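This is query.cif (mmCIF, C-alpha atoms).
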```
data_query
loop_
_atom_site.label_atom_id
_atom_site.label_comp_id
_atom_site.auth_asym_id
_atom_site.auth_seq_id
_atom_site.Cartn_x
_atom_site.Cartn_y
_atom_site.Cartn_z
CA MET F 1 23.22 28.15 -46.74
CA HIS F 2 20.52 28.27 -49.41
CA GLY F 3 22.88 28.54 -52.40
CA VAL F 4 21.89 29.26 -55.97
CA ASP F 5 18.63 28.20 -57.61
CA ARG F 6 20.15 26.96 -60.86
CA LEU F 7 23.39 25.22 -61.79
CA HIS F 8 24.72 25.04 -65.35
CA PHE F 9 27.29 22.37 -66.32
CA ASP F 10 29.15 22.36 -69.62
CA GLU F 11 29.89 18.65 -70.00
CA ALA F 12 30.58 18.80 -73.72
CA TRP F 13 33.30 16.12 -73.63
CA TYR F 14 31.76 14.15 -70.81
CA GLY F 15 28.49 12.63 -72.04
CA TYR F 16 29.68 9.09 -71.22
CA ALA F 17 30.30 9.66 -67.50
CA ARG F 18 26.99 8.25 -66.22
CA PHE F 19 27.67 4.90 -67.88
CA ASN F 20 30.84 3.90 -66.05
CA PRO F 21 31.18 3.50 -62.26
CA LEU F 22 34.66 5.06 -62.35
CA TYR F 23 32.94 8.46 -62.62
CA LYS F 24 30.31 7.84 -59.91
CA ASP F 25 28.82 11.09 -58.52
CA ARG F 26 31.18 13.24 -60.62
CA PHE F 27 28.76 14.55 -63.23
CA ALA F 28 25.78 16.89 -63.28
CA MET F 29 22.95 14.34 -63.49
CA HIS F 30 24.39 11.95 -60.91
CA GLY F 31 22.27 9.79 -58.67
CA ASP F 32 18.64 8.75 -58.91
CA PRO F 33 16.39 11.47 -60.38
CA ALA F 34 13.73 10.48 -57.85
CA ASP F 35 16.01 11.73 -55.06
CA HIS F 36 16.13 15.20 -56.59
CA ASP F 37 13.26 17.36 -55.35
CA ALA F 38 12.28 21.02 -55.27
CA SER F 39 14.62 21.70 -52.34
CA LYS F 40 17.64 21.18 -54.59
CA PRO F 41 18.84 23.45 -57.42
CA THR F 42 17.51 23.14 -60.95
CA VAL F 43 20.36 21.60 -62.97
CA PHE F 44 21.22 22.06 -66.64
CA ALA F 45 23.87 19.98 -68.42
CA THR F 46 24.97 20.09 -72.05
CA HIS F 47 26.58 17.09 -73.76
CA SER F 48 28.19 17.23 -77.19
CA THR F 49 27.39 13.68 -78.25
CA HIS F 50 29.37 14.17 -81.46
CA LYS F 51 32.64 14.57 -79.55
CA LEU F 52 33.16 11.43 -77.49
CA LEU F 53 30.11 9.38 -78.36
CA ALA F 54 29.02 8.16 -81.77
CA ALA F 55 26.71 10.96 -83.00
CA LEU F 56 27.10 13.05 -86.14
CA SER F 57 28.76 16.47 -86.05
CA GLN F 58 26.71 19.15 -84.24
CA ALA F 59 24.68 16.54 -82.34
CA SER F 60 24.19 17.51 -78.69
CA PHE F 61 21.87 17.05 -75.73
CA ILE F 62 20.61 19.55 -73.18
CA HIS F 63 19.53 17.76 -70.02
CA ILE F 64 17.38 19.50 -67.40
CA ARG F 65 16.53 18.31 -63.89
CA ASP F 66 13.96 20.55 -62.23
CA GLY F 67 14.44 21.77 -58.68
CA ARG F 68 14.22 25.22 -57.15
CA ASN F 69 12.87 27.98 -59.38
CA PRO F 70 12.53 25.80 -62.51
CA ILE F 71 12.06 27.30 -65.97
CA ASP F 72 8.86 26.34 -67.74
CA HIS F 73 9.85 23.99 -70.56
CA ALA F 74 7.74 25.76 -73.20
CA ARG F 75 9.45 29.03 -72.27
CA PHE F 76 12.85 27.35 -72.36
CA ASN F 77 12.13 25.94 -75.82
CA GLU F 78 11.15 29.37 -77.15
CA SER F 79 14.42 30.79 -75.91
CA TYR F 80 16.33 27.88 -77.42
CA MET F 81 14.64 28.37 -80.81
CA MET F 82 16.02 31.91 -81.02
CA HIS F 83 19.54 30.49 -81.16
CA ALA F 84 19.04 27.32 -83.19
CA SER F 85 17.45 26.30 -86.46
CA THR F 86 13.73 25.53 -86.37
CA SER F 87 14.30 23.19 -89.33
CA PRO F 88 15.66 20.03 -87.70
CA GLN F 89 18.22 17.79 -89.38
CA TYR F 90 16.74 14.40 -88.69
CA ALA F 91 19.95 12.50 -89.40
CA ILE F 92 21.59 14.38 -86.51
CA ILE F 93 18.63 13.66 -84.23
CA ALA F 94 18.74 9.98 -85.21
CA SER F 95 22.45 9.82 -84.44
CA ASN F 96 21.70 11.12 -80.94
CA ASP F 97 19.23 8.26 -80.52
CA VAL F 98 21.88 5.77 -81.71
CA SER F 99 24.42 7.17 -79.24
CA ALA F 100 21.93 6.86 -76.40
CA ALA F 101 21.06 3.29 -77.41
CA MET F 102 24.75 2.34 -77.46
CA MET F 103 25.08 3.51 -73.86
CA ASP F 104 21.90 1.75 -72.68
CA GLY F 105 22.22 -1.32 -70.47
CA PRO F 106 25.51 -3.23 -70.11
CA GLY F 107 26.76 -1.95 -73.46
CA GLY F 108 27.54 1.50 -72.07
CA GLU F 109 29.80 0.23 -69.32
CA ALA F 110 31.50 -2.22 -71.70
CA LEU F 111 32.23 0.44 -74.36
CA THR F 112 33.41 3.08 -71.91
CA GLY F 113 35.43 0.46 -70.03
CA ASP F 114 37.27 -0.48 -73.22
CA SER F 115 38.18 3.18 -73.83
CA ILE F 116 39.40 3.59 -70.27
CA ARG F 117 41.58 0.47 -70.46
CA GLU F 118 43.10 1.44 -73.82
CA ALA F 119 43.94 4.88 -72.42
CA ILE F 120 45.52 3.30 -69.32
CA ALA F 121 47.58 0.93 -71.48
CA PHE F 122 48.91 3.85 -73.51
CA ARG F 123 49.63 5.92 -70.41
CA GLN F 124 51.57 3.09 -68.79
CA MET F 125 53.51 2.36 -71.98
CA LEU F 126 54.47 6.04 -72.21
CA GLY F 127 55.48 6.01 -68.55
CA ARG F 128 57.66 2.92 -69.04
CA LEU F 129 59.43 4.45 -72.02
CA HIS F 130 60.01 7.69 -70.12
CA ALA F 131 61.46 5.77 -67.16
CA GLN F 132 63.74 3.72 -69.42
CA PHE F 133 65.14 6.77 -71.19
CA ASP F 134 65.47 8.64 -67.89
CA GLU F 135 67.63 5.82 -66.49
CA GLN F 136 69.97 6.49 -69.42
CA SER F 137 69.92 10.26 -68.71
CA ASP F 138 68.05 10.71 -71.95
CA TRP F 139 64.75 12.45 -72.70
CA PHE F 140 61.37 11.20 -73.81
CA PHE F 141 57.76 12.29 -73.58
CA ASN F 142 55.72 11.61 -70.47
CA GLY F 143 52.05 11.58 -69.52
CA TRP F 144 50.29 14.07 -67.23
CA GLN F 145 49.15 11.76 -64.47
CA PRO F 146 50.00 10.77 -60.87
CA ASP F 147 53.58 9.63 -60.36
CA VAL F 148 52.53 7.08 -57.76
CA VAL F 149 49.36 4.98 -57.30
CA VAL F 150 48.21 3.91 -53.84
CA ASN F 151 46.18 0.73 -53.41
CA ARG F 152 43.55 1.63 -50.80
CA GLN F 153 43.15 -2.01 -49.76
CA THR F 154 46.83 -2.74 -49.10
CA GLY F 155 48.34 0.74 -48.76
CA ARG F 156 51.01 -0.25 -51.25
CA ARG F 157 52.53 2.60 -53.28
CA THR F 158 53.53 1.79 -56.86
CA PRO F 159 54.94 3.87 -59.72
CA PHE F 160 52.12 4.65 -62.13
CA HIS F 161 53.56 2.65 -65.02
CA GLU F 162 53.85 -0.45 -62.79
CA ALA F 163 50.40 -0.19 -61.16
CA ASP F 164 47.73 -2.86 -61.59
CA GLU F 165 45.66 -2.05 -64.68
CA GLU F 166 42.44 -3.32 -63.09
CA LEU F 167 42.97 -1.05 -60.10
CA LEU F 168 43.46 1.96 -62.38
CA ALA F 169 40.36 1.06 -64.39
CA THR F 170 38.02 0.63 -61.43
CA ASP F 171 39.21 2.74 -58.48
CA PRO F 172 38.66 6.50 -58.97
CA SER F 173 40.97 7.28 -56.04
CA CYS F 174 43.90 6.49 -58.36
CA TRP F 175 43.01 9.59 -60.39
CA VAL F 176 42.11 12.07 -57.65
CA LEU F 177 44.23 15.22 -57.37
CA HIS F 178 45.59 15.55 -53.82
CA ALA F 179 46.80 18.78 -52.26
CA ASN F 180 50.40 19.75 -53.05
CA ASP F 181 51.14 16.73 -55.25
CA ALA F 182 53.97 17.84 -57.50
CA TRP F 183 52.59 16.20 -60.66
CA HIS F 184 49.54 18.46 -61.02
CA GLY F 185 51.00 21.76 -59.80
CA PHE F 186 47.73 23.17 -58.42
CA GLY F 187 49.05 23.47 -54.88
CA VAL F 188 46.55 23.38 -52.03
CA ILE F 189 43.24 22.06 -53.34
CA GLU F 190 40.28 20.61 -51.50
CA GLU F 191 40.63 16.88 -50.90
CA ASN F 192 38.59 14.75 -53.31
CA TYR F 193 37.61 17.92 -55.17
CA CYS F 194 38.42 16.64 -58.66
CA MET F 195 39.91 13.73 -60.55
CA LEU F 196 41.76 13.30 -63.80
CA ASP F 197 39.70 11.63 -66.54
CA PRO F 198 41.86 8.72 -67.77
CA ILE F 199 40.60 8.85 -71.37
CA LYS F 200 41.77 12.46 -71.80
CA VAL F 201 45.48 11.86 -72.27
CA SER F 202 47.90 14.79 -72.09
CA ILE F 203 51.38 14.08 -73.44
CA LEU F 204 54.06 16.27 -71.85
CA THR F 205 56.98 17.48 -73.93
CA PRO F 206 60.26 18.46 -72.22
CA GLY F 207 60.46 22.10 -71.15
CA ILE F 208 58.76 22.66 -67.78
CA ALA F 209 60.94 22.04 -64.73
CA PRO F 210 59.41 19.87 -61.95
CA GLN F 211 59.59 22.77 -59.50
CA GLY F 212 58.15 25.22 -62.02
CA GLY F 213 59.69 27.53 -64.59
CA LEU F 214 61.40 26.52 -67.82
CA MET F 215 64.25 24.06 -68.24
CA PRO F 216 67.44 25.06 -70.12
CA VAL F 217 66.26 23.15 -73.20
CA GLY F 218 62.73 22.31 -74.28
CA ILE F 219 60.62 20.98 -77.13
CA PRO F 220 57.55 23.10 -77.91
CA ALA F 221 54.48 20.91 -78.24
CA CYS F 222 53.29 22.64 -81.42
CA VAL F 223 56.32 21.27 -83.30
CA VAL F 224 55.48 17.74 -82.16
CA THR F 225 51.85 18.29 -83.17
CA ALA F 226 52.96 19.36 -86.65
CA TYR F 227 55.17 16.27 -86.90
CA LEU F 228 52.29 14.00 -85.85
CA ALA F 229 49.98 15.65 -88.40
CA ARG F 230 52.61 15.03 -91.08
CA HIS F 231 52.16 11.32 -90.27
CA GLY F 232 48.37 11.40 -90.27
CA ILE F 233 47.81 11.76 -86.52
CA VAL F 234 45.53 14.67 -85.58
CA VAL F 235 45.58 15.74 -81.93
CA GLU F 236 42.79 17.55 -80.09
CA LYS F 237 44.53 20.49 -78.41
CA THR F 238 48.09 21.76 -78.02
CA THR F 239 49.51 24.13 -75.39
CA ASP F 240 53.12 25.22 -74.94
CA PHE F 241 54.25 21.83 -73.61
CA THR F 242 51.20 19.54 -73.66
CA ILE F 243 49.37 17.61 -76.35
CA LEU F 244 45.83 16.41 -75.64
CA LEU F 245 44.49 13.21 -77.19
CA LEU F 246 41.04 11.72 -76.58
CA PHE F 247 40.67 7.96 -76.26
CA SER F 248 37.11 7.79 -77.52
CA ILE F 249 35.06 4.70 -78.32
CA GLY F 250 36.79 2.65 -81.01
CA ILE F 251 40.41 3.47 -80.14
CA THR F 252 42.46 0.28 -80.34
CA LYS F 253 45.98 -0.78 -79.50
CA GLY F 254 46.77 -0.71 -83.21
CA LYS F 255 45.83 2.95 -83.41
CA TRP F 256 47.67 4.14 -80.31
CA GLY F 257 50.60 1.89 -81.20
CA THR F 258 51.04 4.00 -84.34
CA LEU F 259 51.09 7.10 -82.14
CA ALA F 260 53.75 5.58 -79.88
CA ASN F 261 55.95 4.66 -82.85
CA THR F 262 55.62 8.17 -84.29
CA LEU F 263 56.70 9.70 -80.96
CA LEU F 264 59.77 7.45 -81.05
CA ASP F 265 60.42 8.56 -84.64
CA PHE F 266 60.21 12.20 -83.54
CA LYS F 267 62.83 11.58 -80.87
CA LYS F 268 65.14 9.95 -83.42
CA ASP F 269 64.70 12.79 -85.93
CA TYR F 270 65.05 15.48 -83.23
CA ASP F 271 68.26 13.94 -81.88
CA ALA F 272 69.63 13.75 -85.44
CA ASN F 273 68.48 17.34 -86.20
CA LEU F 274 66.78 16.07 -89.35
CA PRO F 275 66.42 18.89 -91.94
CA LEU F 276 62.93 20.38 -91.85
CA GLU F 277 62.56 19.83 -95.59
CA GLN F 278 62.41 16.13 -94.66
CA ALA F 279 60.75 16.33 -91.22
CA LEU F 280 58.11 18.97 -92.09
CA PRO F 281 58.23 19.40 -95.88
CA LYS F 282 54.93 21.29 -96.17
CA LEU F 283 56.09 23.88 -93.64
CA VAL F 284 59.28 24.50 -95.61
CA ALA F 285 57.34 24.66 -98.89
CA ASN F 286 55.04 27.34 -97.45
CA TYR F 287 57.78 29.37 -95.72
CA PRO F 288 61.10 28.49 -97.39
CA GLU F 289 62.99 31.60 -96.28
CA ARG F 290 62.00 31.16 -92.63
CA TYR F 291 62.53 27.43 -92.25
CA GLY F 292 64.44 26.10 -95.26
CA HIS F 293 67.85 26.21 -93.55
CA LEU F 294 66.76 24.70 -90.23
CA GLY F 295 66.76 21.24 -88.75
CA LEU F 296 64.10 19.86 -86.41
CA ARG F 297 66.16 20.51 -83.27
CA ASN F 298 67.14 23.97 -84.55
CA LEU F 299 63.46 24.91 -84.87
CA CYS F 300 62.66 23.62 -81.38
CA ASP F 301 65.59 25.58 -79.90
CA LEU F 302 64.60 28.81 -81.64
CA MET F 303 60.97 28.47 -80.63
CA PHE F 304 61.81 27.51 -77.04
CA ARG F 305 64.03 30.59 -76.67
CA ALA F 306 61.22 32.76 -78.04
CA MET F 307 58.75 31.26 -75.58
CA ASN F 308 61.24 31.96 -72.79
CA ASP F 309 61.78 35.56 -73.95
CA LEU F 310 58.06 36.24 -74.43
CA LYS F 311 57.12 34.30 -71.28
CA THR F 312 54.12 32.77 -73.06
CA THR F 313 53.53 30.08 -70.42
CA GLU F 314 53.89 32.51 -67.51
CA MET F 315 51.72 35.12 -69.25
CA MET F 316 48.98 32.58 -69.86
CA SER F 317 48.97 31.67 -66.17
CA ARG F 318 48.84 35.33 -65.14
CA GLY F 319 46.16 36.18 -67.69
CA PHE F 320 43.80 33.41 -66.64
CA SER F 321 44.45 34.12 -62.95
CA THR F 322 43.14 37.67 -63.38
CA LEU F 323 39.45 38.51 -63.05
CA PRO F 324 38.69 41.39 -65.46
CA GLU F 325 36.54 44.34 -64.47
CA PRO F 326 33.09 44.31 -66.14
CA ASP F 327 32.04 47.65 -67.64
CA HIS F 328 28.87 46.17 -69.18
CA SER F 329 27.00 42.91 -68.87
CA PRO F 330 27.48 40.50 -71.81
CA GLN F 331 23.91 41.27 -72.90
CA GLU F 332 24.57 45.03 -72.88
CA ALA F 333 27.79 44.51 -74.85
CA PHE F 334 25.93 42.43 -77.43
CA GLU F 335 23.30 45.15 -77.85
CA LEU F 336 26.04 47.70 -78.49
CA LEU F 337 27.61 45.33 -81.01
CA VAL F 338 24.27 44.95 -82.81
CA HIS F 339 23.88 48.75 -82.97
CA ASN F 340 27.44 49.09 -84.34
CA GLN F 341 28.68 51.04 -81.34
CA VAL F 342 32.03 49.31 -81.73
CA GLU F 343 35.40 49.91 -83.33
CA THR F 344 38.22 47.51 -84.14
CA LEU F 345 41.46 48.31 -82.32
CA GLU F 346 45.00 46.99 -82.27
CA LEU F 347 46.35 45.70 -78.96
CA SER F 348 48.46 48.85 -78.58
CA GLN F 349 45.24 50.91 -78.58
CA MET F 350 43.26 48.78 -76.13
CA ALA F 351 44.48 49.91 -72.72
CA GLY F 352 41.42 50.56 -70.57
CA ARG F 353 39.02 49.68 -73.37
CA THR F 354 35.96 47.42 -73.17
CA VAL F 355 35.76 44.42 -75.51
CA ALA F 356 32.55 43.90 -77.48
CA ASN F 357 32.92 40.15 -77.89
CA ALA F 358 34.53 37.28 -76.06
CA VAL F 359 38.27 36.76 -76.49
CA VAL F 360 38.93 33.03 -76.22
CA PRO F 361 42.43 31.61 -76.82
CA TYR F 362 42.44 27.95 -77.90
CA PRO F 363 43.60 26.16 -75.90
CA PRO F 364 42.45 26.29 -73.17
CA GLY F 365 39.20 27.40 -74.84
CA ILE F 366 38.20 29.47 -71.82
CA PRO F 367 37.33 33.17 -72.23
CA LEU F 368 40.21 35.45 -71.32
CA LEU F 369 37.75 38.32 -71.66
CA MET F 370 33.96 38.18 -71.77
CA PRO F 371 31.89 40.72 -73.74
CA GLY F 372 31.69 43.92 -71.75
CA GLU F 373 34.88 43.35 -69.73
CA ASN F 374 37.76 45.80 -69.55
CA ALA F 375 41.07 44.81 -71.15
CA GLY F 376 42.99 46.50 -68.35
CA PRO F 377 46.30 48.40 -68.53
CA ALA F 378 48.69 48.16 -71.46
CA ASP F 379 51.23 46.27 -69.37
CA GLY F 380 48.63 44.21 -67.49
CA PRO F 381 48.28 40.42 -67.62
CA LEU F 382 45.37 40.36 -70.10
CA LEU F 383 46.84 42.48 -72.88
CA GLY F 384 50.29 41.20 -71.95
CA TYR F 385 49.29 37.63 -72.76
CA LEU F 386 47.67 38.63 -76.07
CA LYS F 387 50.76 40.65 -77.02
CA ALA F 388 52.98 37.63 -76.27
CA LEU F 389 50.84 35.47 -78.57
CA GLU F 390 50.93 38.13 -81.29
CA GLN F 391 54.73 38.37 -81.15
CA PHE F 392 55.10 34.59 -81.23
CA ASP F 393 52.82 34.32 -84.28
CA ARG F 394 54.88 36.91 -86.16
CA ARG F 395 58.11 35.03 -85.47
CA PHE F 396 56.81 31.59 -86.40
CA PRO F 397 54.41 31.56 -89.36
CA GLY F 398 52.65 28.23 -89.70
CA PHE F 399 52.38 27.92 -85.91
CA THR F 400 49.97 30.76 -85.23
CA HIS F 401 47.52 30.59 -82.34
CA ASP F 402 43.77 30.26 -82.76
CA THR F 403 42.02 32.92 -80.67
CA HIS F 404 38.29 33.47 -81.07
CA GLY F 405 37.40 37.16 -81.13
CA VAL F 406 40.74 38.20 -82.63
CA GLU F 407 41.12 39.23 -86.26
CA VAL F 408 44.66 39.05 -87.64
CA GLU F 409 45.76 41.41 -90.42
CA ASP F 410 49.40 41.25 -91.56
CA GLY F 411 50.37 39.71 -88.23
CA VAL F 412 48.57 42.38 -86.17
CA TYR F 413 45.89 41.37 -83.64
CA ARG F 414 42.70 43.44 -83.84
CA ILE F 415 39.71 43.18 -81.47
CA ALA F 416 36.25 44.77 -81.55
CA CYS F 417 35.85 47.21 -78.65
CA ILE F 418 32.89 49.29 -77.53
CA LYS F 419 33.19 52.92 -78.61
CA ASN F 420 33.94 55.42 -75.90
CA ARG F 421 31.29 58.05 -75.33
CA GLY F 422 31.86 60.87 -77.76
CA SER F 423 33.50 58.59 -80.35
CA VAL F 424 32.18 58.89 -83.88
#
```
Please express the file's structure as structure tokens.
Amino acid sequence: MHGVDRLHFDEAWYGYARFNPLYKDRFAMHGDPADHDASKPTVFATHSTHKLLAALSQASFIHIRDGRNPIDHARFNESYMMHASTSPQYAIIASNDVSAAMMDGPGGEALTGDSIREAIAFRQMLGRLHAQFDEQSDWFFNGWQPDVVVNRQTGRRTPFHEADEELLATDPSCWVLHANDAWHGFGVIEENYCMLDPIKVSILTPGIAPQGGLMPVGIPACVVTAYLARHGIVVEKTTDFTILLLFSIGITKGKWGTLANTLLDFKKDYDANLPLEQALPKLVANYPERYGHLGLRNLCDLMFRAMNDLKTTEMMSRGFSTLPEPDHSPQEAFELLVHNQVETLELSQMAGRTVANAVVPYPPGIPLLMPGENAGPADGPLLGYLKALEQFDRRFPGFTHDTHGVEVEDGVYRIACIKNRGSV
């Protein structure tokens, strides 16, 4: 099969992969460039060097490896200039050079190796604590990672938190997602298709049952995120029951030790139902009538029941499992937006309407709807998920969702849609 002529990879958080053997052949520009000839696809890869390397904010690379049907570089640059400043910020460019120099030679493997080992140490510590509390029929946070590690040399199976650190740091098979493994929940997937990146640590809060569905009691991750922020710890992303942290270059045991202690403090305060005016004083100051009478566990219980009623986790899964119908290409939708052939509608008005811009809930930061796609029926999975988010945001001010393409006015979601023919 001939396949496509060009492949585009968004490796924004993955610019370090080439510099550590753990990620061998699992990135866009893998292998020796000399082995890539005109019979293979032309490959594009973007790397946000400001995210997990040492560059200044906005610093990024676009890497291109020519193959079939390549784009002339002068033509590519002209297209790029339409969407970027033609007045370069040399400090940003210099920081890209510094990041590249840090990865050059043995330094790259050493720096990335340190990050990987620190992430593994934190993951195993979290796993040990979870196991200890579980033996006492008590709860604690856990990490999203394999339950068991298999040593390919000996065949020995070991609980993740007891596995050899060197094995975890050097053998990618420890991180591969296998078909029907309960820990990842993706069911039947192609063998060796993908692996978990050890430095991207997801902390799981109680709430999701091992077999799927919600448990009787749960702790919404956004409450834990607010508690961590109160203690000076800023996380990367938060979903209903996961908290993502990035173990970038420079993370030390001292830093993640503070995180571990704060998670233990949260457990203590949750179990004691510490008043929110002590646990989250800024939240109470901003919304005294909503939260002033609640304790930390009270808030978690109220929010968990709302998530159960609104089915936010289920609706997210359904929404992102649905492929919307395109009424226009993204380019056509943008042209209509430029010519003001759009109107802003509430969710209750959007059944069967075509969105003019992308609708991107964060997280996961993946478009639910692309420009030109149809929002579907009023009770469909796309509008259903957005309505669930809207209702949640109204019930819990201070914990509102961040959704690109959505304007919020007095708690009402509004989205730009292409005008129907005949509309004024």
### Message
What's around Pro41 (chain F) at 8 Å? Count only C-alpha atoms, leave out sequence neighbours fewer than 6 positions away in its own chain, and write the answer as an MDAnalysis selection string.
### Response
chainID F and resid 4:7 66:69
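Here the selection is built from all atoms listed in the file, and the residues within 8 Å of (11.9, 18.4, -62.1) turn out to be His36, Asp37, Ala38, Thr42, Ile64, Arg65, Asp66, Gly67 and Pro70 of chain F.
With only C-alpha atoms taken into account, the protein and nucleic acid residues at most 7 Å from region 402-413 of chain F (excluding it and anything under 5 positions from it in its own chain) are Glu346, Leu347, Asn357, Ala358, Val359, Val360, Pro361, Tyr362, Glu390 and Arg394 of chain F.
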With 5 Å of padding per side, what axis-aligned box (centre and edge lengths, Å, one decimal) covers all the listed atoms of region 358-370 of chain F? Give it as JSON.
```
{"center_x": 38.8, "center_y": 32.2, "center_z": -74.6, "size_x": 19.6, "size_y": 22.2, "size_z": 16.6}
```
### Task
Go through the shown structure with the PyMOL selection byres ((chain F and resi 13-27) around 10) and write out the matching residues as number ranges by chain.
F: 9-12, 28-31, 45-53, 60-61, 99-100, 103-113, 116, 168-173, 175, 193-195, 197-198, 200, 246, 248-249
### Message
Since I can't run it myself right now, could you work out what the PyMOL selection byres ((chain F and resi 387) around 10) selects here and report it as a PyMOL selection string?
### Response
chain F and resi 310+312+315+347-348+378-379+381-386+388-393+412-413
Selection export as a PDB file, keeping the file's coordinate frame, atoms kept: C-alpha atoms:
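See selection.pdb below for the written result:
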```pdb
ATOM      1  CA  LEU F 310      58.060  36.240 -74.430  1.00  0.00           C
ATOM      2  CA  THR F 312      54.120  32.770 -73.060  1.00  0.00           C
ATOM      3  CA  MET F 315      51.720  35.120 -69.250  1.00  0.00           C
ATOM      4  CA  LEU F 347      46.350  45.700 -78.960  1.00  0.00           C
ATOM      5  CA  SER F 348      48.460  48.850 -78.580  1.00  0.00           C
ATOM      6  CA  ALA F 378      48.690  48.160 -71.460  1.00  0.00           C
ATOM      7  CA  ASP F 379      51.230  46.270 -69.370  1.00  0.00           C
ATOM      8  CA  PRO F 381      48.280  40.420 -67.620  1.00  0.00           C
ATOM      9  CA  LEU F 382      45.370  40.360 -70.100  1.00  0.00           C
ATOM     10  CA  LEU F 383      46.840  42.480 -72.880  1.00  0.00           C
ATOM     11  CA  GLY F 384      50.290  41.200 -71.950  1.00  0.00           C
ATOM     12  CA  TYR F 385      49.290  37.630 -72.760  1.00  0.00           C
ATOM     13  CA  LEU F 386      47.670  38.630 -76.070  1.00  0.00           C
ATOM     14  CA  ALA F 388      52.980  37.630 -76.270  1.00  0.00           C
ATOM     15  CA  LEU F 389      50.840  35.470 -78.570  1.00  0.00           C
ATOM     16  CA  GLU F 390      50.930  38.130 -81.290  1.00  0.00           C
ATOM     17  CA  GLN F 391      54.730  38.370 -81.150  1.00  0.00           C
ATOM     18  CA  PHE F 392      55.100  34.590 -81.230  1.00  0.00           C
ATOM     19  CA  ASP F 393      52.820  34.320 -84.280  1.00  0.00           C
ATOM     20  CA  VAL F 412      48.570  42.380 -86.170  1.00  0.00           C
ATOM     21  CA  TYR F 413      45.890  41.370 -83.640  1.00  0.00           C
TER      22      TYR F 413
END
```
### Query
Hey, which of F:Glu332, F:Pro324, F:Ala229, F:Ser85 ends up closest to Pro377 (chain F)? Count only C-alpha atoms.
F:Pro324
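Considering all atoms listed in the file, the residue among F:Ile233, F:Arg152, F:Gly250, F:Leu280 positioned nearest to Thr262 (chain F) is F:Ile233.
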### Task
Compare F:Glu277, F:Asp97, F:Asp301, F:Glu78 by their minimum atom-to-atom distance to Glu289 (chain F), counting only C-alpha atoms, and give me the closest one.
F:Glu277
